[in-house]
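One structure below.
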Amino acid sequence: MMRVKTPPVVWRSRNHRYKLVGSKCKACGEVRFPPVHFCSCGGEVEEVELPRAGRLVSYSIVYAADEESRERSPVIMGLIDLGVTRVVAEIVDASPEEVHSGMQVEAVFRRIGEDGETGVIAYGIKFRPAVG
Amino acid sequence: MYVTRAVMEKIDRHYERGVKDLAAAVAKKALEGIDGVDYVLVASSLSYVQEPQLDLGAHIAYSLGLRGARAISVEAGEASGLAAVELAGALLKSKASRVLVIGVDKLTNFTSAETYAQLSLLYDEGVNMYSSGFGSVAGILMRLYMERYNVDRLTMAHWPALMHANAKHNPYAMLRFAIAPEKVLEAMPMADPITLMDSFPLGDGAAAILLESRPKEALAELAAVEAAVGHPNVAWSEDPLHIESLALAYGRLSEKHDLREVDVVELHDSFTITALMILESIGLAEKGKAAEAVASGRFSVNGDVAVNPSGGLKARGHPIGATGVYQVAEVALQLAGQFPGLKVEGARKGLAVSLNGFGSSSYVAYLRGVE
């Protein structure tokens with residue numbers, strides 16, 4: 001098992017992962033998630049919470065998931081349009097048959113991994129079919 | 001600057017040999033009868049995870065008996081090989097007259113499942129934090145392509161079939177057997193709509209080229225190499241199916257050189273969808289038409305332009321950090337009429353195209369034949 005979600009890594013990424021916080025350019029308004037240090041226009045950025053509802057642009061049903069995700073295989077990964085920007089994220093609470101491009105989705109707070117069986121647990125944002 | 005030697009090892013599961021063994025095998029042949037080099041550049045990527053050795057370039061240079069040589073390690077993910085060739089070009093224009101470029105990588109020290117998990121490191125943290133598997137992004141892009149352009153799965157499968165048909169003749173290729181496009185659809189699903197046959201086999205490899213500024217004779221001229229960085233996360237692209245960094249690098253190259261009527265291209269088909277995106281991003285096919293063009297034979301060895309006569313990443317194989325060096329070696333040998341597999345008769349102009357992921361960085365090398 002490759003260790004990547006070690007305590008310092010999980011701790012310092014808590015803000016953007018827990019709250020879906022990205023960066024917004026003060027000059028051109030471009031939004032990015034995960035946040036970047038400078039905009040691609042060269043402008044300075046500030047933190048911004050992203051909208052929690054969006055539209056699924058495309059998706060993949062992943063059967064060859066990493067070992068740590070194997071128990072929830074197949075894992076559905078989606079490209080989601082949040083209006084202000086797009087994100088790639090996991091789609092949950094939906095069977096492969098239910099998922100389709102163009103469907104409305106919303107953000108939920110979920111477990112995203114752990115540092116081995118006894119290590120720190122990492123949480124973050126996933127998306128599920130919109131219930132509203 | 002010129003490519004004067006091009007040496008490759010067959011890509012395979014080389015359980016008996018480590019990184020230094022593979023590098024030594026190709027370097028020894030590339031340096032036969034040569035009286036020293038100014039620089040040794042070592043391109044490698046996944047070996048830093050699978051067979052960790054820091055300051056790899058120096059360790060390999062010393063293991064070749066090149067005590068006192070100058071050595072540089074180059075790591076740029078899947079594009080490491082062509083990144084090293086670009087750096088070699090810069091050195092040849094400034095302070096060096098002879099540079100050895102070695103591409104070497106190791107993908108079989110761990111189980112396939114562990115290796116695929118490690119390969120996720122090629123992508124952005126925003127994607128790989130989900131540990132969803134190596135094919136996730138490619139699967140999203142492939143479905144987007146098929147739905148946007150209304151292309152069916154079988155039409156897409158002509159790419160892997162063409163790669164296998166080509167690799168059958170390449171003695172350095174890992175997968176030397178033909179497959180029918182239908183077989184791609186029947187293979188194990190990896191990241192639906194992608195099956196295992198849309199992606200490259202896991203194999204180790206090494207290739208070396210010798211570059212010289214004023215040689216007496218050469219295989220081919222390395223006219224120029226261009227590069228650019230781009231979106232590391234496909235969610236950030238205005239059009240996720242367009243590889244901006246590649247279009248930029250190719251554009252810089254075509255401003256200075258006439259790239260029309262290129263005879264042979266070796267490009268980075270890490271997945272079927274990557275090949276189609278590259279063909280469209282450098283204008284070899286119209287947007288949405290690359291899959292049909294492949295199926296119609298436009299990119300076969302006797303078509304308009306021969307693309308991946310080696311068999312490409314799909315069937316020649318893709319030892320991550322070494323692949324760009326293979327590509328340059330293959331194009332140089334084609335231009336010299338010496339490629340040991342399918343030959344592109346009378347080839348005068350060739351390109352090698354490499355990138356990491358879906359374009360966090362892209363590199364294009366332009367080679368010309370010499371008389």
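To be explicit about the labels: the chains of the structure tokens are called A, B, and onward in the order shown, and within each one the residues are counted from 1, while ligands get numbers from 1 in the order they are shown.
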| task | For Ala315 in chain B, work out the shell of residues within 12 Å, counting only C-alpha atoms and skipping chain neighbours fewer than 5 positions away, then give it as a ChimeraX atom specification. | result | /B:10-12,159-179,197-203,268-272,308-310
| field | Neighbours of chain A in chain B at 6 Å, counting only C-alpha atoms, as JSON, numbers by chain | value | {"B": [117, 126, 130, 131, 132, 133, 139, 140, 144, 190, 191, 192, 235]}
| remark: Among B:Val42, B:Ala228, B:Ala157, B:Ala352, Thr195 in chain B is approached most closely, using only C-alpha atoms, by B:Ala157
| message | For the structure I just gave you, how does DSSP split range 77-129 of chain B - specifically, which residues are helix (DSSP H, G or I)? Reply as a PyMOL selection string. | response | chain B and resi 80-94+112-122+125-128
Could you save those same residues with C-alpha atoms as a PDB file, in the first residue's frame?
```pdb
ATOM      1  CA  SER B  80      10.480  12.553 -18.931  1.00  0.00           C
ATOM      2  CA  GLY B  81      12.121  11.020 -22.014  1.00  0.00           C
ATOM      3  CA  LEU B  82      11.307  13.847 -24.379  1.00  0.00           C
ATOM      4  CA  ALA B  83      12.016  16.414 -21.646  1.00  0.00           C
ATOM      5  CA  ALA B  84      15.552  14.979 -21.431  1.00  0.00           C
ATOM      6  CA  VAL B  85      15.912  15.221 -25.224  1.00  0.00           C
ATOM      7  CA  GLU B  86      14.839  18.862 -25.067  1.00  0.00           C
ATOM      8  CA  LEU B  87      17.417  19.575 -22.375  1.00  0.00           C
ATOM      9  CA  ALA B  88      20.074  17.729 -24.407  1.00  0.00           C
ATOM     10  CA  GLY B  89      19.234  19.988 -27.341  1.00  0.00           C
ATOM     11  CA  ALA B  90      19.769  23.078 -25.204  1.00  0.00           C
ATOM     12  CA  LEU B  91      23.117  21.734 -23.975  1.00  0.00           C
ATOM     13  CA  LEU B  92      24.236  20.988 -27.546  1.00  0.00           C
ATOM     14  CA  LYS B  93      23.433  24.564 -28.529  1.00  0.00           C
ATOM     15  CA  SER B  94      25.500  25.958 -25.671  1.00  0.00           C
ATOM     16  CA  SER B 112      -0.123  -4.606 -11.208  1.00  0.00           C
ATOM     17  CA  ALA B 113      -2.718  -3.251  -8.753  1.00  0.00           C
ATOM     18  CA  GLU B 114      -0.012  -1.455  -6.752  1.00  0.00           C
ATOM     19  CA  THR B 115       1.607  -0.149  -9.929  1.00  0.00           C
ATOM     20  CA  TYR B 116      -1.663   1.309 -11.230  1.00  0.00           C
ATOM     21  CA  ALA B 117      -2.171   3.031  -7.852  1.00  0.00           C
ATOM     22  CA  GLN B 118       1.325   4.518  -8.123  1.00  0.00           C
ATOM     23  CA  LEU B 119       0.610   5.694 -11.673  1.00  0.00           C
ATOM     24  CA  SER B 120      -2.195   7.886 -10.306  1.00  0.00           C
ATOM     25  CA  LEU B 121       0.615  10.135  -9.073  1.00  0.00           C
ATOM     26  CA  LEU B 122       0.913  11.356 -12.682  1.00  0.00           C
ATOM     27  CA  GLU B 125      -4.076  15.740  -6.303  1.00  0.00           C
ATOM     28  CA  GLY B 126      -7.648  16.967  -6.808  1.00  0.00           C
ATOM     29  CA  VAL B 127      -8.356  13.808  -8.788  1.00  0.00           C
ATOM     30  CA  ASN B 128      -6.148  11.182  -7.202  1.00  0.00           C
TER      31      ASN B 128
END
```
| task | From a DSSP calculation on the backbone, collect every residue of range 8-62 of chain B in strand (DSSP E) and output the set as a ChimeraX atom specification. | result | /B:8,39-43
| field | Surrounding residues of Gly321 in chain B excluding itself and chain neighbours under 4 positions, 8 Å, only C-alpha atoms, as an MDAnalysis selection string | value | chainID B and resid 43:46 75:81 103:105
If you keep N, CA and C atoms, can you produce a file of those selected residues as a PDB file, in the first residue's frame?
```
ATOM      1  N   ALA B  43      16.567   9.960 -18.034  1.00  0.00           N
ATOM      2  CA  ALA B  43      15.137  10.193 -17.860  1.00  0.00           C
ATOM      3  C   ALA B  43      14.514   8.975 -17.205  1.00  0.00           C
ATOM      4  N   SER B  44      13.798   9.192 -16.113  1.00  0.00           N
ATOM      5  CA  SER B  44      13.123   8.102 -15.421  1.00  0.00           C
ATOM      6  C   SER B  44      12.021   8.710 -14.571  1.00  0.00           C
ATOM      7  N   SER B  45      11.001   7.937 -14.259  1.00  0.00           N
ATOM      8  CA  SER B  45       9.902   8.503 -13.472  1.00  0.00           C
ATOM      9  C   SER B  45       9.389   7.523 -12.418  1.00  0.00           C
ATOM     10  N   LEU B  46       8.712   6.469 -12.838  1.00  0.00           N
ATOM     11  CA  LEU B  46       8.131   5.571 -11.832  1.00  0.00           C
ATOM     12  C   LEU B  46       9.202   4.816 -11.045  1.00  0.00           C
ATOM     13  N   GLU B  75      13.094  14.243 -14.555  1.00  0.00           N
ATOM     14  CA  GLU B  75      11.809  13.623 -14.214  1.00  0.00           C
ATOM     15  C   GLU B  75      10.699  14.573 -14.625  1.00  0.00           C
ATOM     16  N   ALA B  76       9.863  14.138 -15.565  1.00  0.00           N
ATOM     17  CA  ALA B  76       8.697  14.917 -15.985  1.00  0.00           C
ATOM     18  C   ALA B  76       7.549  13.956 -16.254  1.00  0.00           C
ATOM     19  N   GLY B  77       7.367  13.011 -15.321  1.00  0.00           N
ATOM     20  CA  GLY B  77       6.291  12.029 -15.466  1.00  0.00           C
ATOM     21  C   GLY B  77       6.438  11.250 -16.752  1.00  0.00           C
ATOM     22  N   GLU B  78       5.330  11.069 -17.447  1.00  0.00           N
ATOM     23  CA  GLU B  78       5.337  10.303 -18.694  1.00  0.00           C
ATOM     24  C   GLU B  78       6.125  10.997 -19.793  1.00  0.00           C
ATOM     25  N   ALA B  79       6.380  12.293 -19.632  1.00  0.00           N
ATOM     26  CA  ALA B  79       7.085  13.057 -20.657  1.00  0.00           C
ATOM     27  C   ALA B  79       8.589  13.140 -20.372  1.00  0.00           C
ATOM     28  N   SER B  80       9.072  12.441 -19.346  1.00  0.00           N
ATOM     29  CA  SER B  80      10.480  12.553 -18.931  1.00  0.00           C
ATOM     30  C   SER B  80      11.451  12.357 -20.100  1.00  0.00           C
ATOM     31  N   GLY B  81      11.201  11.350 -20.923  1.00  0.00           N
ATOM     32  CA  GLY B  81      12.121  11.020 -22.014  1.00  0.00           C
ATOM     33  C   GLY B  81      12.306  12.168 -22.975  1.00  0.00           C
ATOM     34  N   GLY B 103      16.808   6.729 -21.407  1.00  0.00           N
ATOM     35  CA  GLY B 103      15.482   6.656 -20.783  1.00  0.00           C
ATOM     36  C   GLY B 103      15.348   5.280 -20.187  1.00  0.00           C
ATOM     37  N   VAL B 104      15.028   5.197 -18.920  1.00  0.00           N
ATOM     38  CA  VAL B 104      14.909   3.880 -18.283  1.00  0.00           C
ATOM     39  C   VAL B 104      13.809   3.930 -17.235  1.00  0.00           C
ATOM     40  N   ASP B 105      13.005   2.872 -17.154  1.00  0.00           N
ATOM     41  CA  ASP B 105      11.990   2.877 -16.101  1.00  0.00           C
ATOM     42  C   ASP B 105      11.558   1.469 -15.732  1.00  0.00           C
TER      43      ASP B 105
END
```
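Picture a line from CA of Ala6 in chain B to CA of Ala336 in chain B; it runs 10.8 Å.
The closest residue to Ile282 in chain B, picked from B:Ser254, B:Ser296, B:Ser360, B:Thr155 and counting only C-alpha atoms, is B:Ser254.
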| What's the 12 Å shell around Glu255 in chain B, counting only C-alpha atoms, without same-chain residues fewer than 6 positions away, as a ChimeraX atom specification? | /B:224,226,248-249
Could you write out the selected residues, including N, CA, C and O atoms, as a CSV table (one decimal), in the first residue's frame?
```
chain,number,residue,atom,x,y,z
B,224,ALA,N,14.4,20.4,-33.9
B,224,ALA,CA,14.0,21.2,-32.8
B,224,ALA,C,13.1,20.4,-31.9
B,224,ALA,O,12.5,19.4,-32.3
B,226,GLU,N,10.1,21.4,-28.8
B,226,GLU,CA,9.4,22.5,-28.2
B,226,GLU,C,8.5,21.9,-27.0
B,226,GLU,O,8.2,20.7,-27.0
B,248,LEU,N,0.0,24.4,-27.9
B,248,LEU,CA,1.0,25.5,-27.8
B,248,LEU,C,2.4,25.1,-28.2
B,248,LEU,O,3.1,25.8,-29.0
B,249,ALA,N,2.8,23.9,-27.7
B,249,ALA,CA,4.2,23.4,-28.1
B,249,ALA,C,4.3,23.2,-29.6
B,249,ALA,O,5.3,23.6,-30.2
```
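Distances here use only C-alpha atoms; by that measure, the residue among B:Val49, B:Leu56, B:Ala365, B:Ala30 closest to Leu267 in chain B is B:Ala365.
Minimum atom-to-atom distance to Lys216 in chain B, evaluated using only C-alpha atoms, belongs to B:Val3 out of B:Val3, B:Ala275, B:Leu367, B:Val331.
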| Within 9 Å of Leu54 in chain B using only C-alpha atoms, minus same-chain residues under 4 positions, as a PyMOL selection string | chain B and resi 48+59+73
| said: Need the shell around range 47-54 of chain A: protein/DNA/RNA residues with any atom at most 6 Å away, counting only C-alpha atoms. Skip same-chain ones fewer than 3 positions apart. Format as an MDAnalysis selection string? | reply: chainID A and resid 20:23 81:82 104:107
| request: Show which residues sit within 10 Å of Ala94 in chain A, as a PyMOL selection string. Count only C-alpha atoms, and ignore same-chain residues fewer than 5 positions away. | output: chain A and resi 76+99+127-129
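Going from CA of Glu46 in chain A over to CA of Val84 in chain A, you cover 14.4 Å.
Going from CA of Gly65 in chain B to CA of Glu221 in chain B covers 28.2 Å.
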